[in-house]
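Asker: Sharing input_26.cif here; it has mmCIF, C-alpha atoms.
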```
data_protein
loop_
_atom_site.label_atom_id
_atom_site.label_comp_id
_atom_site.auth_asym_id
_atom_site.auth_seq_id
_atom_site.Cartn_x
_atom_site.Cartn_y
_atom_site.Cartn_z
CA MET V 601 73.93 35.00 24.50
CA LYS V 602 71.59 36.86 22.20
CA SER V 603 74.24 37.36 19.56
CA ARG V 604 75.12 33.62 19.59
CA PHE V 605 71.46 32.78 19.20
CA ASP V 606 71.13 35.22 16.30
CA ALA V 607 74.31 33.96 14.71
CA PHE V 608 73.11 30.36 14.86
CA PHE V 609 69.83 31.11 13.06
CA LYS V 610 71.50 33.48 10.59
CA GLN V 611 73.91 30.70 9.66
CA ARG V 612 71.09 28.09 9.28
CA ALA V 613 69.02 30.52 7.18
CA ARG V 614 71.97 31.19 4.88
CA GLU V 615 72.64 27.49 4.49
CA LEU V 616 69.01 26.86 3.70
CA ALA V 617 69.02 29.64 1.12
CA ARG V 618 72.27 28.36 -0.41
CA PHE V 619 71.32 24.69 -0.71
CA THR V 620 67.64 24.84 -1.57
CA SER V 621 65.87 26.36 -4.53
CA ARG V 622 62.71 28.43 -4.11
CA ARG V 623 61.46 27.22 -7.48
CA GLY V 624 62.14 23.66 -6.40
CA PHE V 625 60.07 24.17 -3.27
CA LEU V 626 57.20 25.72 -5.20
CA SER V 627 57.34 22.91 -7.73
CA ALA V 628 57.23 20.25 -4.99
CA LEU V 629 54.38 22.05 -3.22
CA GLY V 630 52.45 22.31 -6.48
CA THR V 631 52.95 18.62 -7.22
CA THR V 632 51.76 17.68 -3.73
CA LEU V 633 48.65 19.85 -3.95
CA LEU V 634 47.86 18.55 -7.44
CA GLY V 635 48.41 14.99 -6.25
CA ILE V 636 46.01 15.42 -3.33
CA GLY V 637 43.45 16.92 -5.71
CA ALA V 638 43.85 14.04 -8.17
CA MET V 639 43.44 11.28 -5.56
CA PRO V 640 39.66 10.95 -6.01
CA LEU V 641 40.20 10.37 -9.73
CA LEU V 642 42.13 7.16 -9.11
CA PRO V 643 40.04 4.04 -9.74
CA ILE V 644 40.63 2.65 -6.26
CA ALA V 645 39.41 5.82 -4.59
CA ARG V 646 36.33 5.93 -6.80
CA ALA V 647 35.52 2.29 -6.15
CA ALA V 648 35.73 2.96 -2.43
CA MET V 649 33.26 5.83 -2.70
CA SER V 650 30.56 3.99 -4.65
CA LYS V 651 27.93 2.02 -2.80
CA PRO V 652 27.77 -1.72 -3.39
CA GLY V 653 25.34 -2.52 -6.16
CA GLU V 654 25.31 0.99 -7.58
CA PRO V 655 27.52 2.19 -10.41
CA ASP V 656 30.07 4.78 -9.53
CA ALA V 657 28.28 8.12 -9.63
CA SER V 658 31.36 10.06 -10.68
CA THR V 659 32.01 8.06 -13.83
CA PRO V 660 30.36 9.08 -17.08
CA GLN V 661 27.41 6.82 -17.63
CA GLY V 662 26.16 8.18 -20.92
CA ASP V 663 22.78 9.28 -22.17
CA ASP V 664 19.95 7.29 -20.59
CA THR V 665 17.68 8.07 -23.55
CA ALA V 666 20.12 6.43 -26.00
CA CYS V 667 19.77 2.74 -26.88
CA GLU V 668 23.58 2.48 -26.63
CA TYR V 669 23.46 3.38 -22.91
CA TRP V 670 25.30 0.63 -21.05
CA ARG V 671 22.37 -0.40 -18.84
CA TYR V 672 20.24 -1.24 -21.88
CA CYS V 673 22.44 -4.13 -23.08
CA ALA V 674 19.52 -6.56 -23.18
CA LEU V 675 16.56 -4.23 -23.47
CA ASP V 676 13.78 -4.96 -25.97
CA GLY V 677 11.15 -2.24 -26.03
CA PHE V 678 10.62 1.48 -25.54
CA ILE V 679 13.05 3.31 -23.25
CA ALA V 680 11.13 4.69 -20.25
CA ALA V 681 13.50 7.69 -20.09
CA CYS V 682 12.10 8.84 -23.48
CA CYS V 683 8.52 8.47 -22.25
CA GLY V 684 8.50 10.70 -19.18
CA GLY V 685 10.38 8.42 -16.80
CA ASP V 686 14.08 7.73 -16.46
CA ALA V 687 16.43 4.74 -16.51
CA HIS V 688 14.86 3.35 -13.32
CA THR V 689 11.51 5.17 -12.99
CA CYS V 690 8.36 4.42 -14.97
CA PRO V 691 6.56 7.25 -16.79
CA PRO V 692 3.67 8.95 -14.95
CA GLY V 693 0.41 7.06 -15.28
CA THR V 694 2.09 3.67 -15.65
CA GLU V 695 2.78 1.02 -13.05
CA MET V 696 5.99 -0.97 -12.81
CA SER V 697 5.65 -4.73 -13.26
CA PRO V 698 6.58 -6.51 -10.04
CA VAL V 699 8.11 -9.35 -12.05
CA ALA V 700 11.00 -8.86 -14.40
CA TRP V 701 13.83 -10.57 -16.13
CA VAL V 702 17.30 -10.08 -14.79
CA GLY V 703 20.67 -10.06 -16.53
CA THR V 704 24.05 -8.37 -16.33
CA CYS V 705 25.45 -5.39 -18.25
CA ARG V 706 29.05 -4.21 -18.27
CA ASN V 707 29.56 -0.57 -17.35
CA PRO V 708 32.48 0.58 -19.56
CA ALA V 709 33.23 3.39 -17.11
CA ASP V 710 34.47 1.03 -14.41
CA GLY V 711 34.58 -2.32 -16.22
CA LYS V 712 32.23 -4.01 -13.75
CA ASN V 713 29.26 -6.21 -14.60
CA TYR V 714 26.14 -4.96 -12.90
CA VAL V 715 22.99 -6.98 -12.27
CA VAL V 716 20.16 -5.25 -14.11
CA SER V 717 16.44 -5.87 -13.64
CA TYR V 718 14.34 -5.06 -16.73
CA ASN V 719 10.91 -4.11 -15.41
CA ASP V 720 8.14 -3.21 -17.83
CA CYS V 721 5.98 -0.14 -17.25
CA CYS V 722 2.35 -1.10 -17.63
CA GLY V 723 -1.16 0.34 -17.87
CA LYS V 724 -0.85 2.80 -20.78
CA THR V 725 -0.53 2.02 -24.44
CA PHE V 726 2.82 1.74 -26.25
CA CYS V 727 5.04 4.76 -25.65
CA GLN V 728 6.43 4.48 -29.21
CA GLN V 729 9.48 6.61 -28.39
CA CYS V 730 13.06 5.35 -28.57
CA PHE V 731 12.48 1.74 -29.55
CA CYS V 732 15.54 -0.20 -28.47
CA ASN V 733 16.24 -3.84 -29.23
CA ARG V 734 19.53 -5.07 -27.83
CA ASN V 735 19.60 -8.72 -26.98
CA GLU V 736 22.84 -9.43 -25.16
CA GLY V 737 22.15 -12.45 -22.94
CA ASP V 738 18.59 -12.79 -24.19
CA ARG V 739 17.23 -16.36 -24.32
CA PRO V 740 14.40 -17.88 -26.38
CA VAL V 741 10.85 -17.58 -25.01
CA TYR V 742 10.76 -21.22 -23.96
CA TYR V 743 13.27 -20.11 -21.36
CA ALA V 744 10.86 -17.45 -20.17
CA SER V 745 12.69 -16.11 -17.13
CA LYS V 746 15.58 -14.93 -19.36
CA SER V 747 13.59 -13.74 -22.35
CA ASN V 748 13.02 -10.12 -23.25
CA ASP V 749 10.28 -11.09 -25.72
CA VAL V 750 7.96 -11.82 -22.80
CA ASN V 751 5.45 -9.13 -21.84
CA TRP V 752 6.40 -8.76 -18.19
CA CYS V 753 3.19 -6.81 -17.55
CA MET V 754 1.52 -10.21 -17.28
CA GLY V 755 -0.44 -10.60 -14.09
CA ARG V 756 -1.03 -6.89 -13.59
CA ALA V 757 -4.47 -5.28 -13.74
CA GLY V 758 -3.16 -3.10 -16.55
CA ILE V 759 -1.46 -5.66 -18.73
CA VAL V 760 -0.88 -3.15 -21.56
CA TYR V 761 2.83 -2.61 -22.20
CA ASN V 762 4.16 0.96 -22.31
CA SER V 763 7.96 0.97 -21.89
CA THR V 764 10.83 -0.59 -19.92
CA VAL V 765 13.20 0.52 -17.15
CA SER V 766 16.64 -0.93 -16.32
CA ILE V 767 17.21 -1.01 -12.58
CA VAL V 768 20.65 -1.81 -11.21
CA ILE V 769 20.10 -4.26 -8.35
CA GLY V 770 23.61 -5.53 -7.68
CA VAL V 771 27.09 -6.14 -8.96
CA GLU V 772 28.61 -9.40 -10.18
CA PRO V 773 31.14 -10.67 -7.62
CA MET W 1239 48.61 -24.38 15.42
CA ARG W 1240 49.61 -21.92 12.73
CA HIS W 1241 48.36 -24.38 10.09
CA LEU W 1242 45.06 -24.73 11.90
CA LEU W 1243 44.66 -20.97 11.98
CA ALA W 1244 45.44 -20.70 8.27
CA LEU W 1245 42.94 -23.47 7.55
CA ALA W 1246 40.29 -21.74 9.64
CA LEU W 1247 40.88 -18.46 7.83
CA MET W 1248 40.68 -20.19 4.44
CA SER W 1249 37.42 -21.92 5.38
CA ALA W 1250 35.94 -18.64 6.58
CA SER W 1251 36.85 -16.89 3.33
CA THR W 1252 35.45 -19.80 1.29
CA ILE W 1253 32.15 -19.56 3.15
CA ALA W 1254 32.10 -15.79 2.62
CA ILE W 1255 32.67 -16.23 -1.14
CA ALA W 1256 29.96 -18.90 -1.31
CA ALA W 1257 27.49 -16.61 0.47
CA ARG W 1258 28.29 -13.74 -1.87
CA ASP W 1259 27.85 -15.92 -4.95
CA ALA W 1260 24.56 -17.28 -3.61
CA ARG W 1261 23.24 -13.72 -3.30
CA PHE W 1262 24.30 -13.05 -6.92
CA ASP W 1263 22.66 -16.29 -8.07
CA TYR W 1264 19.49 -15.34 -6.18
CA GLN W 1265 19.47 -11.96 -7.93
CA MET W 1266 20.07 -13.52 -11.33
CA GLU W 1267 17.80 -16.56 -11.15
CA CYS W 1268 15.11 -15.89 -8.52
CA GLN W 1269 14.69 -12.19 -7.77
CA GLY W 1270 13.02 -11.34 -11.10
CA CYS W 1271 9.82 -12.97 -9.83
CA HIS W 1272 10.30 -13.54 -6.09
CA ALA W 1273 11.47 -9.90 -5.54
CA ALA W 1274 14.51 -8.65 -3.64
CA ASP W 1275 12.97 -9.32 -0.22
CA GLY W 1276 11.41 -12.62 -1.30
CA GLY W 1277 7.93 -11.12 -1.00
CA GLY W 1278 6.74 -12.50 -4.35
CA THR W 1279 3.70 -11.16 -6.18
CA VAL W 1280 0.08 -11.28 -5.09
CA ALA W 1281 -1.75 -14.32 -6.47
CA SER W 1282 1.01 -15.31 -8.90
CA VAL W 1283 4.44 -15.71 -7.31
CA PRO W 1284 4.65 -17.37 -3.88
CA SER W 1285 6.27 -15.40 -1.08
CA LEU W 1286 9.41 -16.87 0.44
CA LYS W 1287 9.80 -14.22 3.07
CA ASP W 1288 9.96 -15.34 6.69
CA HIS W 1289 8.10 -18.62 6.26
CA VAL W 1290 9.72 -20.66 3.46
CA GLY W 1291 11.45 -22.56 6.27
CA LYS W 1292 8.09 -23.99 7.40
CA PHE W 1293 8.30 -26.41 4.47
CA LEU W 1294 11.21 -28.08 6.25
CA ASP W 1295 8.89 -28.97 9.15
CA VAL W 1296 6.55 -31.22 7.17
CA PRO W 1297 7.23 -34.53 5.39
CA GLY W 1298 8.10 -33.95 1.74
CA GLY W 1299 8.67 -30.22 2.24
CA ARG W 1300 12.43 -30.37 2.12
CA GLU W 1301 12.27 -32.38 -1.11
CA PHE W 1302 9.70 -29.96 -2.57
CA LEU W 1303 11.93 -26.89 -2.17
CA ALA W 1304 14.62 -28.50 -4.35
CA GLN W 1305 12.15 -30.08 -6.80
CA VAL W 1306 9.94 -27.06 -7.46
CA PRO W 1307 10.58 -26.07 -11.12
CA GLY W 1308 12.07 -22.66 -10.29
CA ALA W 1309 14.77 -24.42 -8.28
CA ALA W 1310 15.22 -27.74 -10.08
CA GLN W 1311 15.35 -26.16 -13.55
CA ALA W 1312 17.47 -23.13 -12.64
CA PRO W 1313 20.65 -22.92 -14.75
CA LEU W 1314 22.80 -23.54 -11.67
CA ASP W 1315 24.93 -26.56 -10.92
CA ASP W 1316 24.10 -28.71 -7.90
CA THR W 1317 26.55 -26.93 -5.59
CA ALA W 1318 25.29 -23.47 -6.57
CA LEU W 1319 21.65 -24.53 -6.23
CA ALA W 1320 22.31 -25.99 -2.77
CA GLN W 1321 23.93 -22.69 -1.75
CA VAL W 1322 21.03 -20.62 -3.12
CA LEU W 1323 18.50 -22.78 -1.26
CA ASN W 1324 20.48 -22.36 1.96
CA PHE W 1325 20.77 -18.61 1.30
CA ILE W 1326 17.00 -18.31 0.77
CA LEU W 1327 16.21 -20.28 3.92
CA ARG W 1328 18.69 -18.32 6.03
CA GLU W 1329 18.56 -14.77 4.64
CA ILE W 1330 15.00 -14.55 3.31
CA GLY W 1331 13.14 -17.21 5.25
CA HIS W 1332 15.05 -16.40 8.46
CA ALA W 1333 15.03 -20.11 9.25
CA ASP W 1334 17.56 -21.40 11.72
CA GLY W 1335 18.69 -24.76 12.98
CA PHE W 1336 18.13 -26.51 9.67
CA ALA W 1337 20.53 -28.96 8.03
CA PRO W 1338 21.95 -27.16 5.00
CA TYR W 1339 21.27 -28.68 1.58
CA THR W 1340 24.27 -30.40 0.04
CA ALA W 1341 25.17 -30.70 -3.64
CA ASP W 1342 24.59 -34.49 -3.53
CA GLU W 1343 21.14 -34.09 -2.00
CA VAL W 1344 20.15 -31.44 -4.54
CA ALA W 1345 21.52 -33.56 -7.41
CA ARG W 1346 19.32 -36.47 -6.34
CA LEU W 1347 16.19 -34.39 -5.74
CA ARG W 1348 16.25 -32.22 -8.85
CA ARG W 1349 16.41 -35.28 -11.08
CA THR W 1350 13.01 -36.41 -9.79
CA PRO W 1351 10.61 -33.91 -11.33
CA LEU W 1352 7.29 -33.03 -9.73
CA THR W 1353 4.43 -34.11 -11.95
CA ASN W 1354 1.82 -31.91 -10.28
CA VAL W 1355 3.48 -28.93 -8.64
CA ALA W 1356 0.32 -27.07 -7.58
CA ALA W 1357 -1.30 -30.11 -5.93
CA THR W 1358 1.91 -31.08 -4.13
CA ARG W 1359 2.33 -27.56 -2.85
CA ALA W 1360 -1.31 -27.26 -1.73
CA ALA W 1361 -1.03 -30.51 0.24
CA LEU W 1362 2.17 -29.29 1.95
CA VAL W 1363 0.61 -25.92 2.83
CA ARG W 1364 -2.42 -27.71 4.34
CA GLU W 1365 -0.07 -29.84 6.41
CA ILE W 1366 1.85 -26.77 7.60
CA GLU W 1367 -1.41 -25.04 8.58
CA GLN W 1368 -2.73 -28.09 10.43
CA ARG W 1369 0.46 -28.44 12.43
CA SER W 1370 0.43 -24.86 13.58
CA SER W 1371 -2.21 -23.60 15.96
CA ALA W 1372 -1.04 -19.99 15.68
CA PRO W 1373 -2.34 -17.81 12.82
CA GLN W 1374 -0.08 -18.11 9.81
CA PRO W 1375 1.28 -15.42 7.56
CA PRO W 1376 -0.02 -15.75 3.99
CA ILE W 1377 1.76 -18.59 2.23
CA VAL W 1378 0.86 -17.45 -1.29
CA GLY W 1379 1.50 -13.89 -2.37
CA ARG W 1380 2.17 -10.70 -0.54
CA GLN W 1381 -0.45 -8.68 1.29
CA ARG W 1382 -0.77 -5.06 0.17
#
```
Would you write out, as structure tokens, the structure that this file holds?
Answerer:
Amino acid sequence: MKSRFDAFFKQRARELARFTSRRGFLSALGTTLLGIGAMPLLPIARAAMSKPGEPDASTPQGDDTACEYWRYCALDGFIAACCGGDAHTCPPGTEMSPVAWVGTCRNPADGKNYVVSYNDCCGKTFCQQCFCNRNEGDRPVYYASKSNDVNWCMGRAGIVYNSTVSIVIGVEP
Amino acid sequence: MRHLLALALMSASTIAIAARDARFDYQMECQGCHAADGGGTVASVPSLKDHVGKFLDVPGGREFLAQVPGAAQAPLDDTALAQVLNFILREIGHADGFAPYTADEVARLRRTPLTNVAATRAALVREIEQRSSAPQPPIVGRQR
């Protein structure tokens, strides 16, 4: 009984060795492992991971102190990130305007149009760092709610304009 | 029966798309001043939050919401404006049981501009306050 059992498995093992290649197995295993590792890099997987209204964190978004940064497509003023704040935080000692103008900017990393709120930082004099004047989607001042020439610090106690942040508030459907 | 089911599914998806677009239109055309939660700004931008629906309870209030310059002059077509108004009432004002605005109604109303917005609004707010015996949340601005 034992010898028949041994003979059966010896025969199967020899067949396996004869008809399969060890390199082929290693190659297939390597491809599978690499494939599993590469899954999160696929655009669908990345889109699934990002929260609605927020750009995908794993995609390169650029330098938020550069005027060319994608979120600044309609900015007109000093970049808050150069003045002690960041793309969505006002510099210390300033207060964010509660009113703002809102537009969309295309994030080249994922090709989506995000809804961006341009809020001015108010209460300290001009930052005078990184002046940026991109006017994509800007409208004349007589169309005030879509104009970046308006001082959006209006109505605040400290009406003095310092700089501007670009807050992502949504994504275009 | 299968056709009915397909029709129902299509209607549901159309409503879902309309709701999504209304949120986008709110973000693009209203949120800059009225804020994400509709809270507005103290002493300058009226709050919509929780009580914008009270305007529907007084004569002229329903007309006012579509005629107020921020609505009537928004760069939205009549259908989109009707959907944004319904979105604001439902999602921000938390109003229920109201007849939704239609594109035809909005088209008619927005072509009749208000000549004195502040006075019209003040009269409507007085009417709302008189009709309600309970203390009201602030109609203008947000308390901090």
Asker: May I ask you to extract the residues of chain W within 7 Å of chain V, using only C-alpha atoms, and to give them as number ranges by chain?
Answerer: W: 1259, 1262, 1266, 1270-1271, 1279
Asker: Give me the residues near V:Glu668 as a tab-separated table (two decimals) with C-alpha atoms, in the frame of the given file, where near means some atom within 12 Å (using all atoms listed in the file) and where sequence neighbours in that chain fewer than 3 positions away do not count.
Answerer:
```tsv
chain	number	residue	atom	x	y	z
V	661	GLN	CA	27.41	6.82	-17.63
V	662	GLY	CA	26.16	8.18	-20.92
V	663	ASP	CA	22.78	9.28	-22.17
V	664	ASP	CA	19.95	7.29	-20.59
V	665	THR	CA	17.68	8.07	-23.55
V	671	ARG	CA	22.37	-0.40	-18.84
V	672	TYR	CA	20.24	-1.24	-21.88
V	673	CYS	CA	22.44	-4.13	-23.08
V	674	ALA	CA	19.52	-6.56	-23.18
V	675	LEU	CA	16.56	-4.23	-23.47
V	679	ILE	CA	13.05	3.31	-23.25
V	705	CYS	CA	25.45	-5.39	-18.25
V	707	ASN	CA	29.56	-0.57	-17.35
V	708	PRO	CA	32.48	0.58	-19.56
V	730	CYS	CA	13.06	5.35	-28.57
V	731	PHE	CA	12.48	1.74	-29.55
V	732	CYS	CA	15.54	-0.20	-28.47
V	733	ASN	CA	16.24	-3.84	-29.23
V	734	ARG	CA	19.53	-5.07	-27.83
V	735	ASN	CA	19.60	-8.72	-26.98
```
Asker: Using only C-alpha atoms, which residues sit within 10 Å of W:Gly1298 once same-chain residues fewer than 4 positions away are excluded, as a compact mmCIF listing (two decimals) with C-alpha atoms, keeping the file's coordinate frame?
Answerer:
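Output file around_24.txt follows:
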```txt
# COMPACT_ATOMS: atom_id res chain seq x y z
CA PHE W 1293 8.30 -26.41 4.47
CA LEU W 1294 11.21 -28.08 6.25
CA PHE W 1302 9.70 -29.96 -2.57
CA LEU W 1303 11.93 -26.89 -2.17
CA THR W 1358 1.91 -31.08 -4.13
CA ARG W 1359 2.33 -27.56 -2.85
CA ALA W 1361 -1.03 -30.51 0.24
CA LEU W 1362 2.17 -29.29 1.95
```
Asker: What's the separation between atom CA of V:Glu695 and atom CA of W:Tyr1264, in Å to one decimal place?
Answerer: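 Spanning atom CA of V:Glu695 to atom CA of W:Tyr1264 is a straight-line distance of 24.4 Å.
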Asker: Restricting the calculation to only C-alpha atoms: of W:Asp1315, W:Lys1292, W:Ala1273, W:Lys1287, which residue gets closest to W:Arg1369?
Answerer: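 Counting only C-alpha atoms, the residue closest to W:Arg1369 is W:Lys1292.
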Asker: I'd like to see the residues matched by the PyMOL selection byres ((chain V and resi 681) around 8) on this file, and ideally I'd get them as a PyMOL selection string.
Answerer: chain V and resi 664-665+679-680+682-687+689-691+765
Asker: Would you mind telling me which residue in W:Ala1345, W:Val1306, W:Ala1333, W:Leu1323 lies nearest to W:Ala1357 when using only C-alpha atoms?
Answerer: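 For W:Ala1357, the nearest of the given residues is W:Val1306.
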Asker: So how far away is atom CA of V:Asp710 from atom CA of V:Tyr669, in Å?
Answerer: 14.1 Å
Asker: Starting from the displayed file, determine the output of the PyMOL selection byres ((chain W and resi 1343) around 10) and express the residue list as a PyMOL selection string.
Answerer: chain W and resi 1301+1304+1316-1317+1320+1338-1342+1344-1348
Asker: How many Å lie between atom CA of V:Lys712 and atom CA of V:Ser747, rounded to one decimal?
Answerer: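 Straight-line distance from atom CA of V:Lys712 to atom CA of V:Ser747 works out to 22.7 Å.
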Asker: Dump as a JSON list (two decimals) with C-alpha atoms, in the coordinates of the input all residues having an atom at most 9 Å from (0.0, -3.6, -18.3), computed in the file's coordinates with all atoms listed in the file.
Answerer:
```
[["chain", "number", "residue", "atom", "x", "y", "z"],
["V", 694, "THR", "CA", 2.09, 3.67, -15.65],
["V", 695, "GLU", "CA", 2.78, 1.02, -13.05],
["V", 696, "MET", "CA", 5.99, -0.97, -12.81],
["V", 697, "SER", "CA", 5.65, -4.73, -13.26],
["V", 720, "ASP", "CA", 8.14, -3.21, -17.83],
["V", 721, "CYS", "CA", 5.98, -0.14, -17.25],
["V", 722, "CYS", "CA", 2.35, -1.10, -17.63],
["V", 723, "GLY", "CA", -1.16, 0.34, -17.87],
["V", 724, "LYS", "CA", -0.85, 2.80, -20.78],
["V", 725, "THR", "CA", -0.53, 2.02, -24.44],
["V", 751, "ASN", "CA", 5.45, -9.13, -21.84],
["V", 752, "TRP", "CA", 6.40, -8.76, -18.19],
["V", 753, "CYS", "CA", 3.19, -6.81, -17.55],
["V", 754, "MET", "CA", 1.52, -10.21, -17.28],
["V", 755, "GLY", "CA", -0.44, -10.60, -14.09],
["V", 756, "ARG", "CA", -1.03, -6.89, -13.59],
["V", 757, "ALA", "CA", -4.47, -5.28, -13.74],
["V", 758, "GLY", "CA", -3.16, -3.10, -16.55],
["V", 759, "ILE", "CA", -1.46, -5.66, -18.73],
["V", 760, "VAL", "CA", -0.88, -3.15, -21.56],
["V", 761, "TYR", "CA", 2.83, -2.61, -22.20],
["V", 762, "ASN", "CA", 4.16, 0.96, -22.31]]
```
Asker: Could you check the closest approach to W:His1272 for each of W:Arg1300, W:Thr1353, W:Gly1308, W:Leu1327 and tell me which residue wins, using all atoms listed in the file?
Answerer: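 Smallest separation from W:His1272 among the options: W:Gly1308.
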Asker: At a cut-off of 10 Å, using all atoms listed in the file, what residues contact W:Glu1329? Leave out same-chain residues fewer than 4 positions from it and give the result as a VMD selection string.
Answerer: chain W and resid 1261 1275 to 1276 1287 to 1288 1323 to 1325 1333 to 1334
Asker: Please list as a list in words every residue within 9 Å of W:Ala1312, counting only C-alpha atoms and excluding residues in the same chain fewer than 4 positions away.
Answerer: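 Contacts, in chain order: Glu1267, Cys1268, Pro1307, Gly1308 and Leu1319 of chain W.
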